[in-house]
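Working notes, structure below.
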Amino acid sequence: MKLYFAPGACSLSPHIVLQEAGIAAETEQVDNKEKKTKSGKDYWAINPKGQVPALQLDSGEMLTEGPVIVQYLADQKPGAGLAPPAGTIERYRVQEWLNFITSELHKVVFIPLLDPKAPEGAKSFAREKAGPRLAYLNDYLEDKDYLLDRFTVADAYLVTVLNWAKFSGIDLTAYPAIDAYGRRLHQRPSVARAFAEEFDIYKGEQARRAQA
């Protein structure tokens with residue numbers, strides 16, 4: 001398998017899952033602006049959607065969309081317990097959270113706030129929508145360590161998205177349960193390793209651009 005990723009993007013979520021499950025996979029960095037891979041390939045030719053993550057399977061087939069990719073990876077190592085078995089109510093709960101994170105937080109809140117080209121009206125709308133969604137999540141996490149009864153792929157996605165708060169002007173200390181959740185998950189070895197690896201790549205890229 002090969003995971004196409006960009007440092008700090010939502011592709012960090014499957015990177016965490018790979019670490020957590022102990023799955024060996026090749027990775028290739030994508031320049032999200034230039035749409036080129038590290039090896040110089042046209043990323044549009046690899047993934048016509050132009051977005052990361054994308055996962056190339058051993059069969060040559062390509063999977064896109066982060067929530068789908070993390071479930072696929074979890075199913076390759078069921079013993080890791082990263083996604084409950086298909087057909088169980090617990091699996092649907094994971095999918096419920098993946099859908100909430102991708103639609104209500106990732107796309108509605110953070111994409112407009114992180115996009116430098118987004119007009120102020122879009123950013124204002126995103127800030128308005130952030131409050132109720134984060135309040136709901138904060139209430140839910142009040143007495144929980146994870147979104148379900150253990151760490152799952154939904155947590156890998158949520159900790160990735162919450163990391164964008166500090167770049168988008170959202171103060172998570174206003175949501176104590178979310179803030180504590182994020183701090184707790186950053187101590188998890190798989191999460192810490194994935195974040196550290198991608199941050200090192202990001203720092204290297206910034207240094208090279210500064211010298212150019």
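Going by the structure tokens order, chains are called A, B, ..., each with residues numbered from 1, while ligands are numbered from 1 in the order shown.
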
Long-range neighbours of stretch 163-173 of chain A as a PyMOL selection string, 10 Å cut-off, only C-alpha atoms, 2 positions minimum in chain
chain A and resi 8-10+106+109-115+123+127+130-131+134+138+158-161+175-180+182+186+195

Let's have the selection written as an mmCIF file, in the first residue's frame, with C-alpha atoms.
```
data_model
loop_
_atom_site.group_PDB
_atom_site.id
_atom_site.type_symbol
_atom_site.label_atom_id
_atom_site.label_comp_id
_atom_site.auth_asym_id
_atom_site.auth_seq_id
_atom_site.Cartn_x
_atom_site.Cartn_y
_atom_site.Cartn_z
ATOM 1 C CA GLY A 8 -0.561 18.425 8.814
ATOM 2 C CA ALA A 9 -3.478 17.901 6.438
ATOM 3 C CA CYS A 10 -6.364 15.508 7.078
ATOM 4 C CA HIS A 106 -13.682 19.736 8.903
ATOM 5 C CA VAL A 109 -15.760 25.149 10.375
ATOM 6 C CA PHE A 110 -12.104 24.658 9.568
ATOM 7 C CA ILE A 111 -11.883 24.803 5.774
ATOM 8 C CA PRO A 112 -13.211 28.402 5.569
ATOM 9 C CA LEU A 113 -11.101 29.525 8.529
ATOM 10 C CA LEU A 114 -7.892 28.004 7.156
ATOM 11 C CA ASP A 115 -8.348 29.069 3.536
ATOM 12 C CA LYS A 123 -15.085 32.979 7.869
ATOM 13 C CA ARG A 127 -17.062 30.985 13.421
ATOM 14 C CA ALA A 130 -18.232 26.478 15.354
ATOM 15 C CA GLY A 131 -19.786 27.399 18.712
ATOM 16 C CA LEU A 134 -17.912 22.448 19.690
ATOM 17 C CA ASN A 138 -17.538 19.297 24.681
ATOM 18 C CA LEU A 158 -10.872 14.134 15.481
ATOM 19 C CA VAL A 159 -7.438 14.798 16.993
ATOM 20 C CA THR A 160 -6.197 15.692 13.505
ATOM 21 C CA VAL A 161 -8.982 18.209 12.922
ATOM 22 C CA TYR A 175 -14.107 23.946 25.815
ATOM 23 C CA PRO A 176 -12.366 22.200 28.741
ATOM 24 C CA ALA A 177 -13.419 18.646 27.880
ATOM 25 C CA ILE A 178 -12.246 19.022 24.284
ATOM 26 C CA ASP A 179 -9.009 20.647 25.403
ATOM 27 C CA ALA A 180 -8.327 17.830 27.859
ATOM 28 C CA GLY A 182 -6.741 16.753 22.749
ATOM 29 C CA HIS A 186 -1.355 13.839 21.955
ATOM 30 C CA PHE A 195 2.511 14.283 14.541
#
```

Would you list the contacts of stretch 46-59 of chain A as a PyMOL selection string, taking every protein, DNA or RNA residue within 8 Å and counting only C-alpha atoms, but skipping same-chain residues closer than 3 positions in sequence?
chain A and resi 1-6+9-11+14+30+32+35+42-43+62-66+69

Once DSSP has gone over the backbone, tell me which residues of stretch 12-211 of chain A are in alpha helix (DSSP H), as a VMD selection string.
chain A and resid 12 to 21 43 to 46 66 to 76 89 to 100 111 to 114 120 to 141 153 to 162 176 to 186 189 to 211

Smallest atom-to-atom distance to A:Leu148: which of A:Arg93, A:Arg183, A:Lys117, A:Lys38, using only C-alpha atoms?
A:Arg93

For the atom pair atom CA of A:Ala45 and atom CA of A:Leu18, what is the interatomic distance in Å to one decimal place?
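Those two atoms sit 24.6 Å apart.
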